[in-house]
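Peer 1: Pasting upload_35.cif here (mmCIF, C-alpha atoms):
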```cif
data_work
#
loop_
_atom_site.label_atom_id
_atom_site.label_comp_id
_atom_site.auth_asym_id
_atom_site.auth_seq_id
_atom_site.Cartn_x
_atom_site.Cartn_y
_atom_site.Cartn_z
CA MET A 1 -2.77 -19.75 -2.95
CA ARG A 2 -3.99 -16.23 -3.47
CA ILE A 3 -2.20 -12.94 -3.87
CA GLU A 4 -4.03 -10.62 -1.49
CA LYS A 5 -4.21 -6.83 -1.52
CA CYS A 6 -2.59 -4.74 1.16
CA TYR A 7 -5.28 -2.79 3.01
CA PHE A 8 -3.24 0.38 3.16
CA CYS A 9 -1.32 0.71 -0.09
CA SER A 10 -3.33 -1.74 -2.24
CA GLY A 11 -0.13 -3.47 -3.27
CA PRO A 12 0.12 -7.25 -3.74
CA VAL A 13 0.82 -9.41 -0.70
CA TYR A 14 2.56 -12.56 -1.89
CA PRO A 15 2.58 -15.73 0.23
CA GLY A 16 5.23 -15.51 2.90
CA HIS A 17 5.12 -11.72 3.07
CA GLY A 18 3.41 -9.22 5.32
CA THR A 19 1.24 -9.45 8.41
CA MET A 20 -2.44 -9.74 9.22
CA PHE A 21 -4.52 -8.08 11.90
CA VAL A 22 -7.98 -9.28 13.00
CA ARG A 23 -10.24 -6.68 14.54
CA ASN A 24 -12.93 -7.55 17.07
CA ASP A 25 -15.66 -7.10 14.47
CA CYS A 26 -13.96 -10.01 12.62
CA LYS A 27 -12.67 -7.80 9.83
CA THR A 28 -9.18 -8.85 8.70
CA PHE A 29 -6.56 -6.37 7.51
CA ARG A 30 -3.58 -7.51 5.50
CA PHE A 31 -0.45 -5.45 5.15
CA CYS A 32 2.33 -5.94 2.64
CA LYS A 33 5.06 -4.42 4.79
CA SER A 34 5.63 -2.81 8.17
CA LYS A 35 5.40 0.67 6.63
CA CYS A 36 1.73 0.09 5.89
CA LEU A 37 1.16 -1.52 9.30
CA LYS A 38 2.75 1.40 11.12
CA ASN A 39 0.68 3.92 9.20
CA PHE A 40 -2.44 1.90 10.00
CA LYS A 41 -1.60 1.89 13.70
CA LYS A 42 -1.17 5.65 13.52
CA LYS A 43 -4.79 5.70 12.33
CA ARG A 44 -3.88 7.34 9.03
CA ASN A 45 -6.53 7.32 6.35
CA PRO A 46 -5.16 5.60 3.22
CA ARG A 47 -7.43 7.80 1.08
CA LYS A 48 -5.49 10.81 2.32
CA THR A 49 -1.98 9.35 2.31
CA ARG A 50 -0.58 10.51 -0.97
CA TRP A 51 1.56 7.54 -1.95
CA THR A 52 -1.21 4.93 -1.73
CA LYS A 53 -3.27 3.67 -4.64
CA ALA A 54 -6.42 4.52 -2.68
CA PHE A 55 -5.45 8.21 -2.73
CA ARG A 56 -4.57 8.16 -6.41
CA LYS A 57 -7.88 6.62 -7.37
CA ALA A 58 -9.89 8.82 -5.03
CA SER A 59 -8.28 12.01 -6.38
CA GLY A 60 -8.67 10.99 -10.02
CA LYS A 61 -4.98 10.59 -10.79
CA GLU A 62 -5.46 7.05 -12.05
CA LEU A 63 -7.94 5.08 -14.09
CA THR A 64 -10.90 3.99 -11.94
CA VAL A 65 -13.81 3.06 -14.21
CA ASP A 66 -12.86 0.60 -16.92
CA ASN A 67 -13.91 -2.78 -18.24
CA SER A 68 -10.42 -4.20 -17.89
CA LEU A 69 -10.52 -3.52 -14.14
CA GLU A 70 -13.65 -5.65 -13.72
CA PHE A 71 -11.54 -8.78 -14.06
CA GLU A 72 -9.71 -8.03 -10.83
CA LYS A 73 -12.82 -8.12 -8.66
CA ARG A 74 -12.99 -11.02 -6.25
CA ARG A 75 -15.55 -13.69 -6.98
CA ASN A 76 -16.54 -15.88 -4.05
CA ILE A 77 -18.06 -18.65 -6.18
CA ALA A 78 -16.03 -21.83 -6.58
CA VAL A 79 -15.58 -22.83 -10.23
CA LYS A 80 -15.46 -26.48 -11.25
CA TYR A 81 -12.12 -27.37 -12.73
CA LYS A 82 -11.89 -27.73 -16.51
CA ARG A 83 -8.55 -27.94 -18.26
CA GLU A 84 -9.50 -25.82 -21.27
CA LEU A 85 -11.06 -23.16 -19.09
CA TRP A 86 -7.90 -23.06 -17.01
CA SER A 87 -5.50 -22.64 -19.94
CA LYS A 88 -7.77 -20.15 -21.72
CA THR A 89 -8.04 -18.11 -18.53
CA VAL A 90 -4.26 -17.86 -18.31
CA GLU A 91 -4.07 -16.60 -21.91
CA ALA A 92 -6.88 -14.16 -21.27
CA MET A 93 -5.09 -12.92 -18.15
CA MET A 94 -2.04 -12.00 -20.23
CA LYS A 95 -4.10 -10.10 -22.77
CA VAL A 96 -6.19 -8.30 -20.20
CA GLU A 97 -3.06 -7.29 -18.29
CA GLY A 98 -1.54 -5.76 -21.42
CA ILE A 99 -4.70 -3.87 -22.31
CA LYS A 100 -5.13 -2.63 -18.77
CA ARG A 101 -1.60 -1.25 -18.64
CA LYS A 102 -1.99 0.57 -21.93
CA ARG A 103 -5.25 2.12 -20.82
CA GLN A 104 -3.81 3.22 -17.50
CA ALA A 105 -0.79 4.74 -19.22
CA GLN A 106 -2.98 6.54 -21.76
CA PHE A 107 -5.12 7.94 -18.96
CA ILE A 108 -2.09 9.43 -17.26
CA LEU A 109 -0.78 10.80 -20.55
CA ASN A 110 -4.09 12.54 -21.25
CA ARG A 111 -4.12 13.95 -17.76
CA LEU A 112 -0.67 15.45 -18.21
CA LYS A 113 -1.46 17.01 -21.61
CA LYS A 114 -3.41 19.76 -19.88
CA GLY A 115 -0.24 20.74 -18.06
CA LYS A 116 1.61 21.21 -21.33
CA GLN A 117 -1.09 23.55 -22.62
CA LEU A 118 -1.02 25.59 -19.44
CA GLN A 119 2.77 25.73 -19.57
CA LYS A 120 2.69 27.06 -23.12
CA ALA A 121 0.16 29.76 -22.25
CA GLU A 122 2.25 30.73 -19.25
CA ASP A 123 5.38 30.98 -21.35
CA ILE A 124 3.68 33.21 -23.88
CA SER A 125 2.36 35.54 -21.20
CA GLU A 126 5.81 35.64 -19.57
CA VAL A 127 7.45 36.63 -22.84
CA LYS A 128 4.85 39.35 -23.38
CA LYS A 129 5.36 40.69 -19.86
CA ASN A 130 9.15 40.78 -20.09
CA ILE A 131 9.50 41.74 -23.75
CA HIS A 132 11.55 44.74 -22.61
CA LEU A 133 14.40 42.35 -21.74
CA ILE A 134 14.57 41.16 -25.34
CA LYS A 135 13.73 44.24 -27.35
CA ALA A 136 13.90 47.93 -26.42
CA PRO A 137 10.40 49.48 -26.04
CA HIS A 138 10.83 52.06 -28.79
CA ALA A 139 13.20 49.98 -30.91
CA ASP A 140 11.13 49.95 -34.09
CA LYS A 141 9.76 53.44 -33.73
CA ALA A 142 12.57 55.19 -35.63
CA LYS A 143 12.27 52.85 -38.58
CA VAL A 144 8.49 53.27 -38.74
CA MET A 145 8.84 57.07 -38.55
CA GLU A 146 11.38 56.99 -41.37
CA GLU A 147 9.08 54.91 -43.54
CA LYS A 148 6.20 57.29 -42.89
CA MET A 149 8.35 60.30 -43.80
CA VAL A 150 9.45 58.63 -47.02
CA GLN A 151 5.83 57.85 -47.88
CA LYS A 152 4.78 61.49 -47.19
CA LEU A 153 7.63 62.87 -49.33
CA GLN A 154 6.59 60.59 -52.17
CA GLU A 155 3.00 61.80 -51.91
CA ASP A 156 4.18 65.44 -51.91
CA VAL A 157 6.25 64.77 -55.02
CA GLU A 158 3.23 63.22 -56.74
CA MET A 159 1.06 66.13 -55.68
CA GLY A 160 3.71 68.51 -56.96
CA ASP A 161 3.84 66.68 -60.30
CA ASN A 162 0.09 66.84 -60.66
CA MET B 163 34.09 17.61 -10.96
CA GLN B 164 32.31 15.64 -13.65
CA TYR B 165 29.84 13.00 -12.45
CA SER B 166 26.90 11.41 -14.18
CA ILE B 167 24.06 9.40 -12.68
CA SER B 168 22.24 7.14 -15.10
CA THR B 169 18.64 8.30 -15.24
CA SER B 170 17.39 5.38 -17.32
CA PHE B 171 15.48 3.96 -14.35
CA MET B 172 13.71 7.26 -13.63
CA ILE B 173 11.27 7.05 -16.58
CA PRO B 174 7.71 7.05 -15.17
CA THR B 175 5.74 3.84 -15.69
CA TRP B 176 3.13 5.34 -18.03
CA LYS B 177 5.84 6.66 -20.37
CA ARG B 178 7.68 3.37 -20.38
CA ILE B 179 4.52 1.47 -21.31
CA LEU B 180 3.54 3.83 -24.12
CA SER B 181 7.02 3.90 -25.62
CA HIS B 182 7.14 0.08 -25.88
CA PRO B 183 4.19 -0.90 -28.10
CA LYS B 184 5.45 -4.52 -28.23
CA PRO B 185 3.10 -6.90 -26.37
CA HIS B 186 4.48 -8.86 -23.43
CA THR B 187 5.62 -12.27 -24.65
CA ALA B 188 6.13 -13.99 -21.29
CA PHE B 189 3.57 -13.22 -18.64
CA ASP B 190 5.13 -12.75 -15.27
CA LEU B 191 2.92 -12.54 -12.22
CA ARG B 192 5.69 -10.76 -10.36
CA GLN B 193 5.82 -7.83 -12.80
CA ASN B 194 5.40 -5.36 -9.96
CA THR B 195 8.33 -6.69 -8.02
CA ILE B 196 10.52 -6.80 -11.13
CA SER B 197 10.09 -3.10 -11.75
CA ARG B 198 10.84 -2.43 -8.09
CA SER B 199 14.01 -4.55 -8.16
CA SER B 200 15.19 -2.84 -11.34
CA LEU B 201 14.65 0.46 -9.53
CA ALA B 202 16.74 -0.84 -6.66
CA ALA B 203 19.44 -1.94 -9.12
CA GLY B 204 19.39 1.52 -10.64
CA TYR B 205 19.81 3.17 -7.24
CA ARG B 206 22.65 0.82 -6.40
CA GLN B 207 24.31 1.75 -9.70
CA ALA B 208 23.89 5.43 -8.87
CA GLN B 209 25.48 4.86 -5.47
CA GLN B 210 28.44 3.09 -7.06
CA GLU B 211 28.93 5.94 -9.47
CA LEU B 212 28.75 8.42 -6.60
CA THR B 213 31.51 6.61 -4.71
CA LYS B 214 33.58 6.39 -7.90
CA ALA B 215 33.35 10.14 -8.41
CA GLY B 216 35.76 10.96 -5.59
CA PRO B 217 36.12 12.27 -2.02
CA ASN B 218 34.08 15.44 -2.60
CA MET B 219 31.01 13.45 -3.61
CA VAL B 220 31.53 11.04 -0.67
CA LEU B 221 31.44 13.99 1.74
CA ILE B 222 28.25 15.24 0.18
CA SER B 223 26.70 11.75 0.37
CA ARG B 224 27.75 11.47 4.06
CA SER B 225 26.10 14.78 4.91
CA PHE B 226 23.04 13.61 2.98
CA THR B 227 22.82 10.43 5.10
CA GLY B 228 23.27 12.56 8.23
CA PHE B 229 20.37 14.71 7.09
CA LEU B 230 18.32 11.54 6.58
CA THR B 231 19.02 10.28 10.12
CA GLN B 232 18.04 13.68 11.50
CA LEU B 233 14.79 13.42 9.58
CA SER B 234 14.09 9.92 10.98
CA SER B 235 14.76 11.12 14.55
CA LEU B 236 12.33 13.99 13.94
CA THR B 237 9.63 11.51 12.90
CA HIS B 238 10.23 9.48 16.08
CA HIS B 239 9.43 12.61 18.12
CA ASN B 240 6.11 13.03 16.35
CA ALA B 241 4.93 9.39 16.57
CA PHE B 242 2.20 9.05 19.19
CA SER B 243 2.00 6.00 21.39
CA VAL B 244 -0.46 3.17 20.80
CA SER B 245 -1.72 0.94 23.59
CA ALA B 246 1.03 -1.55 24.46
CA ALA B 247 0.69 -5.26 23.74
CA ALA B 248 3.92 -6.11 25.48
CA ALA B 249 3.41 -9.67 26.72
CA ALA B 250 1.10 -12.54 25.83
CA ILE B 251 -1.29 -14.04 28.35
CA GLN B 252 -0.08 -14.46 31.93
CA LYS B 253 -1.54 -14.43 35.46
CA MET B 254 -4.03 -11.68 36.17
CA THR B 255 -4.72 -10.86 32.51
CA ARG B 256 -8.32 -10.11 31.76
CA VAL B 257 -9.53 -12.21 28.93
CA ARG B 258 -12.42 -12.32 26.48
CA VAL B 259 -14.45 -15.54 26.38
CA VAL B 260 -15.37 -16.17 22.78
CA ASP B 261 -17.76 -19.13 22.72
CA ASN B 262 -21.47 -19.29 23.51
CA SER B 263 -21.18 -21.08 26.86
CA PRO B 264 -23.46 -19.74 29.63
CA GLN B 265 -20.50 -19.15 31.94
CA GLY B 266 -18.81 -17.02 29.32
CA THR B 267 -21.79 -14.97 28.20
CA THR B 268 -23.68 -14.08 31.41
CA PRO B 269 -22.58 -10.77 32.93
CA TRP B 270 -20.56 -10.54 36.14
CA HIS B 271 -19.14 -7.57 38.00
CA ARG B 272 -15.56 -8.76 37.36
CA ALA B 273 -14.04 -9.70 34.03
CA PRO B 274 -12.76 -13.28 33.68
CA ARG B 275 -9.12 -13.38 34.77
CA VAL B 276 -6.28 -15.83 34.25
CA ILE B 277 -5.02 -17.30 37.52
CA HIS B 278 -2.69 -19.99 36.19
CA VAL B 279 -0.98 -20.76 32.90
CA TYR B 280 -0.16 -24.41 32.16
CA THR B 281 3.23 -23.89 30.55
CA LYS B 282 6.82 -24.13 31.75
CA ASN B 283 7.17 -20.35 31.81
CA GLY B 284 4.12 -18.47 32.92
CA VAL B 285 3.42 -17.08 29.44
CA GLY B 286 0.50 -18.31 27.38
CA LYS B 287 0.34 -18.19 23.60
CA VAL B 288 -2.21 -19.59 21.14
CA GLY B 289 -2.97 -23.20 21.95
CA ASP B 290 -1.96 -23.05 25.63
CA ARG B 291 -4.29 -23.99 28.46
CA VAL B 292 -5.04 -21.60 31.28
CA LEU B 293 -7.11 -21.52 34.47
CA LEU B 294 -9.65 -18.74 34.65
CA ALA B 295 -11.47 -17.21 37.58
CA ILE B 296 -14.97 -16.80 36.15
CA LYS B 297 -18.15 -15.86 38.03
CA GLY B 298 -16.69 -16.73 41.40
CA GLY B 299 -15.40 -20.12 40.27
CA LYS B 300 -12.48 -21.72 38.46
CA LYS B 301 -12.60 -22.98 34.90
CA LYS B 302 -10.04 -24.19 32.40
CA ALA B 303 -9.76 -22.47 29.03
CA LEU B 304 -7.74 -22.50 25.80
CA ILE B 305 -6.12 -19.44 24.28
CA VAL B 306 -7.20 -18.82 20.68
CA GLY B 307 -5.72 -15.42 19.98
CA HIS B 308 -3.77 -12.70 21.70
CA LYS B 309 -2.93 -9.05 21.22
CA MET B 310 0.80 -9.60 21.22
CA PRO B 311 2.33 -9.97 17.76
CA GLY B 312 3.78 -13.46 17.48
CA GLU B 313 5.04 -15.14 14.32
CA ARG B 314 4.76 -12.92 11.29
CA MET B 315 2.55 -15.23 9.31
CA ASN B 316 0.06 -15.72 12.15
CA PRO B 317 -2.65 -13.14 12.62
CA ARG B 318 -2.66 -10.71 15.52
CA PHE B 319 -6.00 -10.21 17.22
CA ASP B 320 -7.45 -7.09 18.78
CA SER B 321 -8.26 -8.84 22.09
CA ASN B 322 -7.05 -11.83 24.12
CA ASN B 323 -9.53 -14.50 23.09
CA VAL B 324 -10.19 -17.65 25.06
CA VAL B 325 -12.51 -20.68 24.75
CA LEU B 326 -13.84 -22.43 27.87
CA ILE B 327 -12.84 -26.07 28.17
CA GLU B 328 -13.57 -29.05 30.40
CA ASP B 329 -10.83 -30.99 32.16
CA ASN B 330 -10.83 -33.62 29.41
CA GLY B 331 -10.37 -30.98 26.70
CA ASN B 332 -13.92 -30.81 25.38
CA PRO B 333 -15.26 -27.33 24.76
CA THR B 334 -18.04 -26.10 27.06
CA GLY B 335 -19.86 -24.04 24.43
CA THR B 336 -21.40 -25.21 21.17
CA ARG B 337 -20.36 -22.51 18.75
CA ILE B 338 -17.46 -20.13 18.21
CA LYS B 339 -18.34 -17.20 16.00
CA VAL B 340 -15.07 -15.29 16.36
CA PRO B 341 -12.42 -16.21 13.73
CA LEU B 342 -9.80 -18.71 14.90
CA PRO B 343 -6.23 -18.82 13.62
CA THR B 344 -5.54 -21.61 11.13
CA HIS B 345 -2.22 -22.59 12.71
CA LEU B 346 -4.25 -24.20 15.51
CA ARG B 347 -4.83 -27.12 13.13
CA LYS B 348 -1.13 -27.84 12.85
CA MET B 349 -0.53 -27.66 16.58
CA GLU B 350 -0.04 -30.80 18.60
CA GLY B 351 -2.90 -31.38 20.96
CA GLU B 352 -6.52 -32.36 20.73
CA TYR B 353 -8.14 -29.35 19.18
CA SER B 354 -10.36 -31.23 16.75
CA LYS B 355 -13.55 -30.62 18.74
CA LEU B 356 -12.72 -26.93 19.05
CA LEU B 357 -12.07 -26.64 15.31
CA ALA B 358 -15.32 -28.47 14.64
CA ILE B 359 -17.46 -25.88 16.44
CA ALA B 360 -15.57 -22.92 14.94
CA SER B 361 -17.39 -21.14 12.13
CA ARG B 362 -14.59 -19.02 10.69
CA PHE B 363 -10.84 -19.34 10.24
CA VAL B 364 -8.34 -16.61 9.60
#
```
How does this structure look as structure tokens?
Peer 2:
Amino acid sequence: MRIEKCYFCSGPVYPGHGTMFVRNDCKTFRFCKSKCLKNFKKKRNPRKTRWTKAFRKASGKELTVDNSLEFEKRRNIAVKYKRELWSKTVEAMMKVEGIKRKRQAQFILNRLKKGKQLQKAEDISEVKKNIHLIKAPHADKAKVMEEKMVQKLQEDVEMGDN
Amino acid sequence: MQYSISTSFMIPTWKRILSHPKPHTAFDLRQNTISRSSLAAGYRQAQQELTKAGPNMVLISRSFTGFLTQLSSLTHHNAFSVSAAAAAIQKMTRVRVVDNSPQGTTPWHRAPRVIHVYTKNGVGKVGDRVLLAIKGGKKKALIVGHKMPGERMNPRFDSNNVVLIEDNGNPTGTRIKVPLPTHLRKMEGEYSKLLAIASRFV
């Protein structure tokens, strides 16, 4: 038993699910559901259909190059059965799965940090542009003028004293 | 009108993973489907809450579904037609001979055609015998794949494939390079010689 990958969306095809199409060049295409099949028949390119994993990886929205993803690659060599190897592989699978998820999540988080920076810069520029809605343009002018006059009077008094 | 939809299921996956630093204790191969089913449960919950909220919300939801059906009808208009695979193999269907027999591989000005199907109804599926008109003569053949979608778990092929056969059921050719469907093995009939000369199964 093997959990295959859907050709269109790259999702898992469990046994008893989906359909398969064999082309005349002997290439087989598996589909997890009729949505993927229908899109395939419409000759849509999965690398351009935004909801597929192929698009997300091709446009850099998800982690592509990583050691933890090497474990998923299909090996066509038959391995002789050993009990310890079997049980250790299952344990390793659990660990690798956890690590892979964390790395993928971190990748997305880092990608979205840039957006927060841009948002902050935008907000600052917006406030600067529309400062007239918060504070009148010459609001502080009178106070500054008054302070200057007071300072000048003080200087005159000092001059007068001297 | 106060209504609240629980948004607990709308947390993106990457956020959910990073907020739960605890390692997974029980490994579940079906992790993907679990998250999807919890999403479905969340949507169902939201629907229930919508119906609870009262007649105003029901009206809005009805108009929403109407909008959705309009959308789906729009998409039907835009779908372009693909070549039809309406029926399996019957009389007068042109067929592709898939083994390396001389009768099947040498060129002829007319494609090999089915002139009789050996079933109760005249429709041939995988594993049925047919009579072909090939190179000015008649020859029996066995269907090994057709364009029409059959059972969901059996593969659909891009052409109507056929293997030439003698009257006693032995194949005429010596090799079949095109992939054969695996459900031929389970079928009743003597296909062992055919399966023996096949190089690939699908």
Peer 1: Choose the residue, out of B:Val288, B:Val276, B:Leu304, B:Ile179, that has the smallest atom-to-atom separation from Thr334 in chain B; count only C-alpha atoms.
Peer 2: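 Closest candidate: B:Leu304.
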Peer 1: Kindly give the distance, in Å, that separates CA of Lys53 in chain A and CA of Gly98 in chain A, rounded to a single decimal.
Peer 2: 19.3 Å
Peer 1: Within 10 Å of chain B, which residues belong to chain A? Use all atoms listed in the file and report them as an MDAnalysis selection string.
Peer 2: chainID A and resid 3 11:12 14:30 38 41:43 90:91 93:95 97:99 101:109
Peer 1: What gap, in Å, lies between CA of Phe55 in chain A and CA of Cys9 in chain A?
Peer 2: 9.0 Å
Peer 1: Counting all atoms listed in the file, what is within 10 Å of Lys300 in chain B, bar same-chain residues fewer than 4 positions away, as a PyMOL selection string?
Peer 2: chain B and resi 274-277+293-296
Peer 1: Enter the distance from CA of Ile338 in chain B to CA of Ser354 in chain B, in Å, rounded to one decimal.
Peer 2: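 Going from CA of Ile338 in chain B over to CA of Ser354 in chain B covers 13.3 Å.
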Peer 1: Please provide as a list of chain:residue names all residues within 9 Å of Asn322 in chain B, with the sequence filter that same-chain residues fewer than 5 positions apart are discarded (counting all atoms listed in the file).
Peer 2: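 Answer for this query is B:Ala250, B:Ile251, B:Thr255, B:Arg256, B:Val257, B:Arg258, B:Val259, B:Ile305, B:Val306, B:Gly307, B:His308, B:Lys309, B:Met310.
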Peer 1: Excluding range 263-266 of chain B and its own-chain neighbours fewer than 3 positions away, which residues fall within 10 Å of it when counting only C-alpha atoms? Please give them as a PyMOL selection string.
Peer 2: chain B and resi 258-260+269-270+273-274+296-297+299+301+324-327+333-338
Peer 1: Taking the structure I provided as the source, export range 262-273 of chain B with C-alpha atoms, as a tab-separated table (two decimals), in the first residue's frame.
Peer 2:
```
chain	number	residue	atom	x	y	z
B	262	ASN	CA	4.07	-6.50	-31.49
B	263	SER	CA	2.26	-8.87	-33.85
B	264	PRO	CA	2.96	-8.32	-37.57
B	265	GLN	CA	-0.74	-7.91	-38.33
B	266	GLY	CA	-1.02	-5.16	-35.76
B	267	THR	CA	2.12	-3.22	-36.61
B	268	THR	CA	2.27	-3.17	-40.44
B	269	PRO	CA	0.56	-0.12	-41.95
B	270	TRP	CA	-2.73	-0.33	-43.84
B	271	HIS	CA	-4.88	2.34	-45.43
B	272	ARG	CA	-7.73	1.64	-42.98
B	273	ALA	CA	-7.50	1.52	-39.21
```
